[in-house]
$ cat data-v5.cif   # mmCIF, C-alpha atoms and all ligand atoms
data_start
#
loop_
_atom_site.label_atom_id
_atom_site.label_comp_id
_atom_site.auth_asym_id
_atom_site.auth_seq_id
_atom_site.Cartn_x
_atom_site.Cartn_y
_atom_site.Cartn_z
CA MET A 1 36.08 74.46 -23.14
CA ALA A 2 36.70 71.69 -25.67
CA PHE A 3 38.08 69.32 -23.05
CA VAL A 4 35.05 69.44 -20.77
CA THR A 5 32.37 69.07 -23.40
CA ARG A 6 33.25 65.74 -25.01
CA ALA A 7 34.45 62.26 -24.07
CA VAL A 8 38.02 61.25 -24.91
CA LYS A 9 38.50 59.77 -28.39
CA GLY A 10 37.95 56.04 -28.36
CA THR A 11 35.72 56.14 -25.27
CA HIS A 12 31.94 56.11 -25.23
CA ASP A 13 29.07 56.89 -22.92
CA LEU A 14 26.95 53.80 -22.59
CA PHE A 15 23.18 54.26 -22.34
CA GLY A 16 19.96 53.43 -24.15
CA LYS A 17 20.09 50.64 -26.75
CA PRO A 18 23.87 50.00 -26.62
CA LEU A 19 23.49 49.61 -22.85
CA ALA A 20 20.60 47.18 -23.37
CA TYR A 21 22.86 45.06 -25.61
CA HIS A 22 25.59 45.31 -23.00
CA ARG A 23 23.27 44.08 -20.27
CA ALA A 24 21.92 41.23 -22.35
CA ILE A 25 25.45 40.04 -23.11
CA VAL A 26 26.64 40.25 -19.51
CA ASP A 27 23.44 38.52 -18.33
CA ALA A 28 23.99 35.65 -20.78
CA ALA A 29 27.62 35.30 -19.68
CA ARG A 30 26.61 35.32 -16.01
CA ARG A 31 23.92 32.72 -16.61
CA TRP A 32 26.13 30.27 -18.46
CA THR A 33 29.30 30.65 -16.39
CA GLU A 34 27.45 30.48 -13.08
CA ALA A 35 25.63 27.40 -14.37
CA ALA A 36 29.09 25.84 -14.70
CA GLY A 37 29.84 26.77 -11.08
CA ALA A 38 31.85 29.95 -11.62
CA ALA A 39 32.01 32.73 -9.02
CA GLU A 40 32.18 36.36 -10.07
CA ILE A 41 35.37 38.32 -9.47
CA ALA A 42 36.00 42.02 -9.95
CA THR A 43 39.68 42.90 -10.00
CA PRO A 44 40.95 46.50 -9.94
CA ILE A 45 40.93 48.50 -13.14
CA PHE A 46 44.61 49.32 -12.71
CA GLU A 47 47.49 47.15 -11.56
CA PHE A 48 51.23 47.49 -11.22
CA THR A 49 52.56 47.61 -14.77
CA GLU A 50 54.64 44.46 -14.17
CA VAL A 51 51.46 42.38 -13.89
CA PHE A 52 50.78 43.00 -17.58
CA GLU A 53 54.39 43.20 -18.74
CA ARG A 54 55.09 39.78 -17.31
CA GLY A 55 51.57 38.40 -17.66
CA VAL A 56 50.61 39.47 -21.17
CA GLY A 57 54.24 39.22 -22.30
CA PRO A 58 56.89 41.77 -23.13
CA THR A 59 56.82 41.03 -26.87
CA SER A 60 53.04 41.27 -27.28
CA ASP A 61 51.59 44.20 -29.21
CA ILE A 62 49.58 45.07 -26.12
CA VAL A 63 52.67 45.62 -23.97
CA GLN A 64 54.77 47.06 -26.77
CA LYS A 65 52.40 49.81 -27.80
CA GLU A 66 48.87 49.62 -26.46
CA MET A 67 49.00 50.15 -22.71
CA PHE A 68 47.80 53.22 -20.85
CA THR A 69 50.62 53.51 -18.32
CA PHE A 70 51.12 56.28 -15.78
CA SER A 71 53.02 56.97 -12.59
CA ASP A 72 51.34 57.35 -9.23
CA ARG A 73 52.43 60.05 -6.79
CA ALA A 74 55.17 57.82 -5.42
CA GLY A 75 56.56 57.26 -8.90
CA ARG A 76 55.36 53.65 -9.24
CA SER A 77 54.33 52.57 -12.70
CA LEU A 78 50.64 51.64 -12.98
CA THR A 79 48.66 50.49 -16.02
CA LEU A 80 44.97 50.48 -16.87
CA ARG A 81 44.15 46.85 -17.47
CA PRO A 82 44.28 45.93 -21.17
CA GLU A 83 42.76 42.49 -20.51
CA GLY A 84 41.38 40.50 -17.61
CA THR A 85 43.38 37.30 -17.25
CA ALA A 86 46.60 38.63 -15.74
CA GLY A 87 44.71 40.43 -12.96
CA VAL A 88 42.58 37.36 -12.19
CA VAL A 89 45.66 35.14 -11.93
CA ARG A 90 47.37 37.77 -9.76
CA ALA A 91 44.29 37.68 -7.49
CA TYR A 92 44.23 33.86 -7.45
CA ASN A 93 47.80 33.89 -6.17
CA GLU A 94 47.41 36.81 -3.78
CA HIS A 95 44.40 35.23 -2.04
CA GLY A 96 45.85 31.74 -1.88
CA MET A 97 43.08 30.26 -4.03
CA LYS A 98 45.46 27.40 -4.74
CA VAL A 99 44.33 25.82 -1.44
CA TRP A 100 40.65 26.03 -2.39
CA PRO A 101 39.09 22.95 -4.00
CA GLN A 102 40.53 22.93 -7.53
CA PRO A 103 39.85 23.94 -10.18
CA VAL A 104 38.65 27.44 -9.33
CA ARG A 105 36.20 28.85 -11.87
CA LEU A 106 35.86 32.64 -12.06
CA TRP A 107 34.00 35.01 -14.36
CA TYR A 108 34.21 38.76 -14.74
CA ALA A 109 32.83 41.67 -16.70
CA GLY A 110 34.20 45.15 -17.03
CA PRO A 111 36.08 47.78 -18.98
CA MET A 112 39.49 47.20 -20.56
CA PHE A 113 41.81 49.84 -22.01
CA ARG A 114 44.07 49.71 -25.04
CA ALA A 115 45.67 52.64 -26.82
CA GLU A 116 44.66 51.48 -30.27
CA ARG A 117 43.59 53.53 -33.27
CA PRO A 118 39.82 53.84 -32.85
CA GLN A 119 37.64 52.49 -35.64
CA LYS A 120 34.42 50.50 -35.96
CA GLY A 121 34.59 47.74 -33.37
CA ARG A 122 37.82 49.07 -31.89
CA GLN A 123 37.82 51.45 -28.96
CA ARG A 124 40.30 52.61 -26.37
CA GLN A 125 37.92 51.76 -23.57
CA PHE A 126 35.94 48.66 -24.41
CA HIS A 127 34.27 45.98 -22.32
CA GLN A 128 34.75 42.29 -21.95
CA VAL A 129 33.14 39.37 -20.20
CA GLY A 130 35.55 36.60 -19.37
CA TYR A 131 35.90 33.19 -17.79
CA GLU A 132 38.97 31.61 -16.19
CA VAL A 133 39.44 28.09 -14.82
CA LEU A 134 42.55 27.70 -12.70
CA GLY A 135 44.26 24.73 -11.08
CA SER A 136 44.00 21.91 -13.61
CA ASP A 137 45.25 21.11 -17.10
CA GLN A 138 42.61 18.52 -17.97
CA ALA A 139 41.28 18.62 -21.51
CA GLU A 140 37.71 18.60 -20.18
CA LEU A 141 38.27 22.14 -18.94
CA ASP A 142 39.48 23.40 -22.32
CA ALA A 143 36.37 21.87 -23.89
CA GLU A 144 34.16 23.30 -21.13
CA ALA A 145 35.59 26.79 -21.65
CA VAL A 146 35.28 26.65 -25.43
CA ALA A 147 31.73 25.31 -25.14
CA LEU A 148 30.67 28.08 -22.74
CA SER A 149 32.07 30.82 -24.98
CA TYR A 150 30.13 29.32 -27.87
CA HIS A 151 26.87 28.74 -25.98
CA ILE A 152 26.78 32.29 -24.64
CA LEU A 153 26.93 33.69 -28.17
CA ALA A 154 24.49 31.14 -29.53
CA SER A 155 22.06 31.85 -26.68
CA LEU A 156 22.02 35.51 -27.73
CA GLY A 157 20.72 34.33 -31.09
CA LEU A 158 23.95 34.66 -33.10
CA ARG A 159 24.22 32.25 -36.01
CA LYS A 160 26.80 33.65 -38.42
CA MET A 161 29.81 32.95 -36.27
CA ARG A 162 32.73 30.61 -36.73
CA LEU A 163 34.72 29.05 -33.96
CA LEU A 164 38.34 28.57 -35.02
CA LEU A 165 40.24 26.10 -32.87
CA GLY A 166 43.96 25.51 -32.88
CA SER A 167 46.90 24.85 -30.65
CA VAL A 168 50.01 26.93 -30.10
CA GLY A 169 51.78 23.93 -28.56
CA ASP A 170 54.01 23.76 -25.52
CA PRO A 171 56.82 26.29 -25.01
CA ALA A 172 59.40 23.93 -26.57
CA ASP A 173 57.17 23.47 -29.65
CA ARG A 174 56.87 27.22 -29.95
CA GLU A 175 60.63 27.58 -29.79
CA ARG A 176 61.04 25.11 -32.66
CA TYR A 177 58.38 26.95 -34.63
CA ASN A 178 59.98 30.32 -33.98
CA ALA A 179 63.35 28.95 -35.09
CA TYR A 180 61.72 27.72 -38.30
CA LEU A 181 60.06 31.09 -38.91
CA ARG A 182 63.26 32.98 -38.23
CA GLU A 183 65.15 30.88 -40.75
CA LEU A 184 62.37 31.18 -43.31
CA LEU A 185 61.86 34.93 -42.94
CA ALA A 186 65.36 36.25 -42.22
CA PRO A 187 66.40 36.33 -45.90
CA HIS A 188 63.31 38.48 -46.58
CA ALA A 189 63.70 40.80 -43.59
CA ALA A 190 64.05 43.85 -45.83
CA ARG A 191 60.50 43.33 -47.09
CA LEU A 192 59.01 43.10 -43.60
CA SER A 193 57.39 46.05 -41.85
CA GLU A 194 59.40 47.71 -39.11
CA ASP A 195 57.23 46.06 -36.44
CA SER A 196 57.73 42.65 -37.97
CA ARG A 197 61.50 43.09 -38.25
CA ARG A 198 61.45 43.66 -34.52
CA ARG A 199 59.23 40.60 -34.07
CA LEU A 200 61.67 38.54 -36.13
CA VAL A 201 64.11 38.99 -33.26
CA THR A 202 61.78 38.89 -30.27
CA ASN A 203 58.94 36.56 -31.23
CA PRO A 204 58.58 35.62 -34.92
CA MET A 205 55.14 34.01 -34.40
CA ARG A 206 53.76 37.51 -33.88
CA ILE A 207 54.49 38.23 -37.56
CA LEU A 208 51.75 35.78 -38.56
CA ASP A 209 49.25 38.07 -36.84
CA SER A 210 50.47 41.18 -38.67
CA LYS A 211 47.84 43.30 -40.38
CA ASN A 212 50.48 45.01 -42.57
CA SER A 213 49.70 44.33 -46.25
CA GLY A 214 53.37 43.89 -47.22
CA ASP A 215 53.84 41.37 -44.42
CA ARG A 216 50.69 39.55 -45.49
CA ALA A 217 51.82 39.38 -49.13
CA LEU A 218 55.21 37.99 -48.15
CA LEU A 219 53.63 35.36 -45.88
CA ALA A 220 51.29 34.29 -48.68
CA GLU A 221 54.24 33.86 -51.09
CA LEU A 222 56.33 31.86 -48.66
CA ASP A 223 53.74 29.16 -48.02
CA VAL A 224 54.49 29.13 -44.29
CA ARG A 225 53.94 25.84 -42.45
CA PRO A 226 51.39 26.23 -39.65
CA MET A 227 52.03 26.01 -35.91
CA LEU A 228 49.93 22.87 -35.75
CA ALA A 229 52.56 21.00 -37.78
CA PHE A 230 55.07 21.65 -34.98
CA LEU A 231 53.15 20.23 -32.02
CA GLY A 232 55.07 17.83 -29.79
CA SER A 233 53.45 14.56 -28.82
CA GLU A 234 51.98 15.84 -25.56
CA ALA A 235 50.46 18.97 -27.01
CA LYS A 236 49.16 16.92 -29.91
CA ALA A 237 47.50 14.39 -27.58
CA HIS A 238 45.96 17.24 -25.59
CA PHE A 239 44.62 18.85 -28.75
CA GLU A 240 43.09 15.57 -29.89
CA ALA A 241 41.49 15.13 -26.46
CA VAL A 242 39.98 18.63 -26.56
CA ARG A 243 38.62 17.97 -30.04
CA ALA A 244 37.07 14.68 -28.95
CA ARG A 245 35.36 16.36 -25.97
CA LEU A 246 34.02 19.16 -28.17
CA ASP A 247 32.74 16.66 -30.71
CA ALA A 248 30.95 14.82 -27.91
CA LEU A 249 29.41 18.11 -26.75
CA GLY A 250 28.28 18.93 -30.27
CA VAL A 251 30.05 22.29 -30.33
CA PRO A 252 30.76 23.20 -33.96
CA TYR A 253 34.30 24.35 -34.73
CA GLU A 254 36.81 24.48 -37.56
CA VAL A 255 40.41 23.55 -36.97
CA ASP A 256 42.58 26.54 -37.79
CA PRO A 257 46.13 25.19 -38.08
CA SER A 258 47.73 28.61 -38.03
CA ILE A 259 45.96 30.30 -35.13
CA VAL A 260 48.27 32.52 -33.08
CA ARG A 261 46.87 34.69 -30.35
CA GLY A 262 48.02 38.18 -29.52
CA LEU A 263 49.00 37.37 -25.95
CA ASP A 264 52.25 35.67 -25.09
CA TYR A 265 50.99 33.52 -22.25
CA TYR A 266 49.00 31.01 -24.26
CA VAL A 267 50.06 27.36 -24.59
CA ARG A 268 48.26 24.47 -26.23
CA THR A 269 44.57 25.17 -26.90
CA SER A 270 43.77 28.50 -28.55
CA TRP A 271 40.57 29.61 -30.16
CA GLU A 272 38.85 32.60 -31.64
CA ILE A 273 35.26 33.22 -32.55
CA HIS A 274 34.72 35.37 -35.62
CA HIS A 275 31.58 36.85 -37.09
CA ASP A 276 31.06 36.93 -40.84
CA GLU A 277 29.48 40.36 -41.00
CA LEU A 278 31.87 42.43 -38.91
CA GLY A 279 34.48 43.34 -41.54
CA ALA A 280 38.05 44.00 -40.46
CA GLN A 281 37.46 43.65 -36.71
CA SER A 282 35.66 40.33 -36.90
CA ALA A 283 36.80 38.66 -33.66
CA LEU A 284 34.02 38.41 -31.09
CA GLY A 285 36.37 36.84 -28.62
CA GLY A 286 39.02 34.31 -28.02
CA GLY A 287 40.72 32.25 -25.43
CA GLY A 288 43.30 29.70 -24.65
CA ARG A 289 45.27 27.73 -22.13
CA TYR A 290 47.95 29.50 -20.08
CA ASP A 291 49.67 26.90 -17.93
CA GLY A 292 52.79 28.92 -17.10
CA LEU A 293 51.15 32.25 -16.31
CA SER A 294 50.80 31.81 -12.55
CA GLU A 295 54.55 31.17 -12.20
CA LEU A 296 55.34 34.16 -14.41
CA LEU A 297 53.41 36.20 -11.86
CA GLY A 298 55.36 34.79 -8.93
CA GLY A 299 52.77 32.20 -7.92
CA PRO A 300 52.68 28.41 -7.59
CA PRO A 301 52.13 26.22 -10.63
CA ALA A 302 48.46 26.70 -11.52
CA PRO A 303 47.54 25.69 -15.04
CA GLY A 304 44.57 27.56 -16.43
CA VAL A 305 42.31 28.08 -19.39
CA GLY A 306 40.00 30.98 -20.16
CA TRP A 307 38.44 33.32 -22.67
CA ALA A 308 37.16 36.83 -23.12
CA LEU A 309 34.39 38.13 -25.35
CA GLY A 310 34.34 41.73 -26.55
CA ILE A 311 30.96 43.11 -25.54
CA GLU A 312 30.86 45.91 -28.15
CA ARG A 313 31.78 43.45 -30.92
CA VAL A 314 29.11 40.99 -29.84
CA ALA A 315 26.59 43.85 -29.82
CA LEU A 316 27.63 44.82 -33.39
CA ALA A 317 27.22 41.19 -34.47
CA MET A 318 23.76 41.01 -32.89
CA GLU A 319 22.79 44.20 -34.67
CA ALA A 320 24.11 42.83 -37.97
CA GLU A 321 21.90 39.75 -37.53
CA GLY A 322 18.88 41.88 -36.67
CA LEU A 323 18.81 40.75 -33.05
CA SER A 324 17.47 43.28 -30.55
CA PRO A 325 18.12 43.03 -26.85
CA ALA A 326 15.20 43.01 -24.46
CA PRO A 327 14.30 46.69 -24.05
CA LEU A 328 15.46 48.31 -20.84
CA PRO A 329 12.70 48.10 -18.25
CA ALA A 330 10.03 50.73 -18.68
CA LEU A 331 8.00 52.36 -15.92
CA ASP A 332 5.14 50.35 -14.49
CA LEU A 333 3.31 53.30 -13.00
CA TYR A 334 3.39 57.10 -13.18
CA VAL A 335 1.71 58.82 -10.23
CA VAL A 336 0.13 62.19 -10.98
CA PRO A 337 -0.74 64.55 -8.08
CA LEU A 338 -3.72 66.68 -9.07
CA GLU A 339 -2.95 69.48 -6.58
CA PRO A 340 0.36 71.09 -5.53
CA ALA A 341 -0.16 70.06 -1.88
CA LEU A 342 -0.32 66.39 -3.00
CA VAL A 343 3.17 66.28 -4.54
CA PRO A 344 4.78 65.01 -1.29
CA ARG A 345 2.02 62.39 -1.04
CA ALA A 346 2.84 61.26 -4.62
CA LEU A 347 6.41 60.62 -3.49
CA GLU A 348 5.10 58.60 -0.54
CA VAL A 349 2.84 56.51 -2.75
CA ALA A 350 5.66 55.83 -5.24
CA SER A 351 8.08 54.85 -2.48
CA ARG A 352 5.51 52.42 -1.01
CA PHE A 353 5.72 50.38 -4.24
CA TRP A 354 9.52 50.35 -4.61
CA PRO A 355 11.28 48.07 -5.39
CA ASP A 356 8.49 45.70 -6.49
CA LEU A 357 7.23 48.13 -9.10
CA ARG A 358 9.02 50.74 -11.18
CA VAL A 359 7.24 53.93 -10.22
CA GLN A 360 7.84 57.61 -10.87
CA TYR A 361 5.71 60.61 -9.95
CA ALA A 362 5.14 64.10 -11.35
CA LEU A 363 6.96 66.79 -9.39
CA LYS A 364 4.25 69.35 -10.16
CA ALA A 365 0.46 69.15 -10.00
CA ARG A 366 -1.12 68.21 -13.33
CA LYS A 367 -4.61 68.22 -14.72
CA PRO A 368 -5.75 64.61 -15.31
CA GLY A 369 -5.49 64.82 -19.15
CA LYS A 370 -2.01 66.33 -19.06
CA GLY A 371 -0.94 63.78 -16.44
CA LEU A 372 -2.04 60.84 -18.60
CA GLN A 373 -0.21 62.31 -21.59
CA GLU A 374 2.94 62.67 -19.53
CA ALA A 375 2.63 59.07 -18.30
CA GLU A 376 2.46 57.87 -21.91
CA LYS A 377 5.48 59.96 -22.89
CA LYS A 378 7.41 58.36 -20.07
CA GLY A 379 6.55 54.94 -21.43
CA ALA A 380 4.61 53.92 -18.30
CA ARG A 381 2.11 51.09 -18.59
CA PHE A 382 -0.21 52.61 -15.93
CA ALA A 383 -1.01 56.12 -14.75
CA GLY A 384 -2.22 56.74 -11.20
CA LEU A 385 -4.24 59.89 -10.51
CA LEU A 386 -3.93 61.21 -6.97
CA GLY A 387 -6.61 63.76 -6.01
CA PRO A 388 -7.82 64.86 -2.55
CA ASP A 389 -10.40 62.01 -2.44
CA GLU A 390 -7.76 59.35 -3.17
CA ALA A 391 -5.38 60.95 -0.66
CA THR A 392 -8.00 60.82 2.10
CA ALA A 393 -9.16 57.29 1.29
CA GLY A 394 -5.65 55.87 0.76
CA THR A 395 -6.50 54.90 -2.82
CA LEU A 396 -5.30 55.69 -6.32
CA THR A 397 -7.29 56.01 -9.55
CA VAL A 398 -5.29 53.83 -11.88
CA LYS A 399 -5.64 53.67 -15.66
CA ASP A 400 -4.19 50.92 -17.82
CA LEU A 401 -2.77 52.97 -20.69
CA GLU A 402 -2.85 49.99 -23.03
CA THR A 403 -6.46 48.88 -22.55
CA GLY A 404 -8.02 52.05 -21.15
CA GLU A 405 -9.40 50.11 -18.16
CA GLN A 406 -9.61 52.27 -15.03
CA HIS A 407 -10.27 51.55 -11.33
CA THR A 408 -10.01 53.40 -8.04
CA LEU A 409 -8.27 50.93 -5.72
CA PRO A 410 -6.63 50.78 -2.29
CA LEU A 411 -2.83 50.89 -2.66
CA GLU A 412 -2.34 47.18 -1.89
CA GLU A 413 -4.70 46.29 -4.73
CA VAL A 414 -2.90 48.74 -7.00
CA ARG A 415 0.31 46.87 -6.25
CA GLU A 416 -1.31 43.60 -7.25
CA TRP A 417 -3.00 44.83 -10.43
CA VAL A 418 -0.04 46.81 -11.73
CA GLY A 419 2.34 44.02 -10.68
CA LYS A 420 0.43 41.60 -12.90
CA GLY A 421 0.86 44.01 -15.78
CA GLY A 422 -2.87 44.72 -16.09
CA ARG A 423 -4.10 41.13 -16.09
CA ALA A 424 -6.86 41.24 -13.48
P1 LIG B 1 41.90 39.68 -26.84
O1 LIG B 1 42.09 39.72 -25.37
O2 LIG B 1 42.80 40.62 -27.58
O3 LIG B 1 41.84 38.32 -27.42
O4 LIG B 1 40.45 40.29 -27.04
C1 LIG B 1 39.29 39.55 -26.82
C2 LIG B 1 38.15 40.23 -27.51
O5 LIG B 1 37.99 41.54 -26.97
C3 LIG B 1 38.38 40.47 -28.99
O6 LIG B 1 38.04 39.33 -29.73
C4 LIG B 1 37.45 41.61 -29.25
O7 LIG B 1 36.11 41.14 -29.38
C5 LIG B 1 37.54 42.42 -27.99
N1 LIG B 1 38.48 43.55 -28.15
C6 LIG B 1 39.82 43.53 -28.05
N2 LIG B 1 40.35 44.75 -28.24
C7 LIG B 1 39.30 45.58 -28.46
C8 LIG B 1 39.16 46.99 -28.72
N3 LIG B 1 40.23 47.80 -28.77
N4 LIG B 1 37.92 47.49 -28.91
C9 LIG B 1 36.83 46.69 -28.85
N5 LIG B 1 36.89 45.37 -28.61
C10 LIG B 1 38.11 44.81 -28.42
#
$ encode --input "data-v5.cif" --output "structure tokens" --more "lines below"
Ligand code: AMP
Amino acid sequence: MAFVTRAVKGTHDLFGKPLAYHRAIVDAARRWTEAAGAAEIATPIFEFTEVFERGVGPTSDIVQKEMFTFSDRAGRSLTLRPEGTAGVVRAYNEHGMKVWPQPVRLWYAGPMFRAERPQKGRQRQFHQVGYEVLGSDQAELDAEAVALSYHILASLGLRKMRLLLGSVGDPADRERYNAYLRELLAPHAARLSEDSRRRLVTNPMRILDSKNSGDRALLAELDVRPMLAFLGSEAKAHFEAVRARLDALGVPYEVDPSIVRGLDYYVRTSWEIHHDELGAQSALGGGGRYDGLSELLGGPPAPGVGWALGIERVALAMEAEGLSPAPLPALDLYVVPLEPALVPRALEVASRFWPDLRVQYALKARKPGKGLQEAEKKGARFAGLLGPDEATAGTLTVKDLETGEQHTLPLEEVREWVGKGGRA
């Protein structure tokens, strides 16, 4: 029975307080991104594997070893989405959004899947909120995206975060940087981890992201020049423009000259937001510009910039800073039938108040004292006693469980009193 009694390793049921965090984070993301004019999009949870192979990049860790890939009944290769951007860009192309007024701003929230080793802050199913702006390469949009990712976190009350901003340059700059890294590291290949020896051939920049301690020690010894030193004039001018816009917006950031992101599609602006109290998995989120991605996915040129925040990580950071989400909504009213024959009437009364009030009713007749106790246990603010007199008169005897105040009122007045939360 072991396989039907527990969730798969690295996946979690989401309810109670973690769900309240989750909601607060998605609500904040919705508020800020929709304020900037974004529309919500929900893309499928699985796509043809090529979308991610081409979109995220064949040399990325995600594609190399972290995808949940399976065959459908016709033998086509499908993959559970490991991130949101590739699917959004696929949708932009598929629905001809290129002919909409540009740029198109989209936001999303939902589960992502990566076959990673589970640990604190790292799951196999996790959740992200994300934002994508497609159809323009103006620096204002990079600054807008960075600012939104920052404001969402700040609006949740987070203070101990650092926004690290860098640039991975244009593709030609990256090629020059990779050539430099290859030359620098090749003589030391024997000391590199197996993964990094592979990266030395396919994409040396990936080595800079390695978590392997031997790799890290070697990199520290070699005094590697950062990506930022290899920017061409256009990428450099773009980076300066983004910085100027962010300075004007008052968004605090540190320039990180060596930022490299784990996805192959990024060009130019890249950023990550880290939290000081999260330990090894400190990234709350990150983003960047991906001007060539649409073409990689068979679409028209459509430069874009976007980010994703890891919801579980943001929740851990909020917890670490002592920030509680608004509690999940409690019951407004608990209706207690005092006789068995009145149970159906209790359902009717409750349903009269939905959806304005959150109302539940007892499924069995209760004595008044027991009914009030039950209402308190359920966390209801008010209890409504329903006896034969109330049923005949179309009233309810309602008690405010906080103040003890009690009135027998017609249902419409109950709606008003309870709706005001007990303020008469
Ligand atoms: P990425 O798309 O890799 O830049 O991820 C964006 C954010 O998603 C990260 O900064 C994390 O906050 C979060 N994230 C990525 N992978 C995981 C995971 N396996 N478990 C939990 N959160 C994750």
$ residues_near_ligand --input "data-v5.cif" --ligand "ligand LIG 1 (chain B)" --cutoff "8 Å" --atoms "all atoms listed in the file" --output "short mmCIF file (atom, residue, chain, number, x, y, z; two decimals) with C-alpha atoms, in the coordinates of the input"
data_model
loop_
_atom_site.label_atom_id
_atom_site.label_comp_id
_atom_site.auth_asym_id
_atom_site.auth_seq_id
_atom_site.Cartn_x
_atom_site.Cartn_y
_atom_site.Cartn_z
CA PRO A 82 44.28 45.93 -21.17
CA GLU A 83 42.76 42.49 -20.51
CA GLY A 84 41.38 40.50 -17.61
CA PHE A 113 41.81 49.84 -22.01
CA ARG A 114 44.07 49.71 -25.04
CA ALA A 115 45.67 52.64 -26.82
CA GLU A 116 44.66 51.48 -30.27
CA PRO A 118 39.82 53.84 -32.85
CA GLY A 121 34.59 47.74 -33.37
CA ARG A 122 37.82 49.07 -31.89
CA GLN A 123 37.82 51.45 -28.96
CA ARG A 124 40.30 52.61 -26.37
CA GLN A 125 37.92 51.76 -23.57
CA PHE A 126 35.94 48.66 -24.41
CA HIS A 127 34.27 45.98 -22.32
CA GLN A 128 34.75 42.29 -21.95
CA ARG A 261 46.87 34.69 -30.35
CA GLY A 262 48.02 38.18 -29.52
CA LEU A 263 49.00 37.37 -25.95
CA GLU A 272 38.85 32.60 -31.64
CA ILE A 273 35.26 33.22 -32.55
CA HIS A 274 34.72 35.37 -35.62
CA GLN A 281 37.46 43.65 -36.71
CA SER A 282 35.66 40.33 -36.90
CA ALA A 283 36.80 38.66 -33.66
CA LEU A 284 34.02 38.41 -31.09
CA GLY A 285 36.37 36.84 -28.62
CA GLY A 286 39.02 34.31 -28.02
CA GLY A 287 40.72 32.25 -25.43
CA TRP A 307 38.44 33.32 -22.67
CA ALA A 308 37.16 36.83 -23.12
CA LEU A 309 34.39 38.13 -25.35
CA GLY A 310 34.34 41.73 -26.55
CA ILE A 311 30.96 43.11 -25.54
CA GLU A 312 30.86 45.91 -28.15
CA ARG A 313 31.78 43.45 -30.92
CA VAL A 314 29.11 40.99 -29.84
#
$ residues_around --input "data-v5.cif" --residues "A:Pro301" --least-positions-apart "5" --cutoff "12 Å" --atoms "only C-alpha atoms" --output "number ranges by chain"
A: 89, 92-93, 97-98, 134-137, 290-296
$ atom_distance --input "data-v5.cif" --atom1 "atom CA of A:Ala154" --atom2 "atom CA of A:Asp209"
26.7 Å
$ residues_around --input "data-v5.cif" --residues "A:Val305" --least-positions-apart "6" --cutoff "7 Å" --atoms "all atoms listed in the file" --output "VMD selection string"
chain A and resid 132 to 134 142 288 to 290
$ residues_around --input "data-v5.cif" --residues "A:Arg30" --least-positions-apart "6" --cutoff "9 Å" --atoms "all atoms listed in the file" --output "PyMOL selection string"
chain A and resi 38+40+107-109+129
$ atom_distance --input "data-v5.cif" --atom1 "atom CA of A:Leu338" --atom2 "atom CA of A:Ala383"
12.3 Å
$ closest_residue --input "data-v5.cif" --among "A:Pro101, A:Gly387, A:Glu47, A:Gly404" --to "A:Arg81" --atoms "only C-alpha atoms"
A:Glu47
$ atom_distance --input "data-v5.cif" --atom1 "atom CA of A:Glu50" --atom2 "atom CA of A:Ala145"
27.0 Å
$ closest_residue --input "data-v5.cif" --among "A:Leu228, A:Val343, A:Ile207, A:Ala86" --to "A:Gly298" --atoms "all atoms listed in the file"
A:Ala86
$ closest_residue --input "data-v5.cif" --among "A:Lys420, A:Thr49, A:Phe15, A:Gln102" --to "A:Arg76" --atoms "all atoms listed in the file"
A:Thr49
$ residues_around --input "data-v5.cif" --residues "A:Arg352" --least-positions-apart "4" --cutoff "10 Å" --atoms "all atoms listed in the file" --output "ChimeraX atom specification"
/A:346-348,356-357,359,411-412,415
$ axis_aligned_box --input "data-v5.cif" --around "stretch 146-153 of chain A" --padding-each-side "4 Å" --output "JSON"
{"center_x": 31.0, "center_y": 29.5, "center_z": -25.5, "size_x": 16.5, "size_y": 16.4, "size_z": 13.4}
$ closest_residue --input "data-v5.cif" --among "A:His238, A:Lys65, A:Arg243, A:Arg268" --to "A:Asp195" --atoms "all atoms listed in the file"
A:Lys65
$ residues_around --input "data-v5.cif" --residues "A:Val51" --least-positions-apart "3" --cutoff "9 Å" --atoms "only C-alpha atoms" --output "ChimeraX atom specification"
/A:47-48,54-56,79,86-87,90,297
$ closest_residue --input "data-v5.cif" --among "A:Thr33, A:Arg182, A:Ala28, A:Ser210" --to "A:Glu194" --atoms "only C-alpha atoms"
A:Ser210
$ closest_residue --input "data-v5.cif" --among "A:Ala330, A:Leu219, A:Val224, A:Leu181" --to "A:Thr202" --atoms "all atoms listed in the file"
A:Leu181
$ closest_atom_pairs --input "data-v5.cif" --of "stretch 78-195 of chain A" --to "stretch 212-217 of chain A" --cutoff "8 Å" --atoms "only C-alpha atoms" --output "JSON lines"
{"residue": "A:Arg191", "atom": "CA", "partner": "A:Gly214", "partner_atom": "CA", "distance": 7.2}
{"residue": "A:Leu192", "atom": "CA", "partner": "A:Asp215", "partner_atom": "CA", "distance": 5.5}
{"residue": "A:Ser193", "atom": "CA", "partner": "A:Asp215", "partner_atom": "CA", "distance": 6.4}
$ residues_near_point --input "data-v5.cif" --point "(-5.0, 65.0, -18.8)" --cutoff "12 Å" --atoms "all atoms listed in the file" --output "VMD selection string"
chain A and resid 336 to 338 365 to 376 383 to 385 399
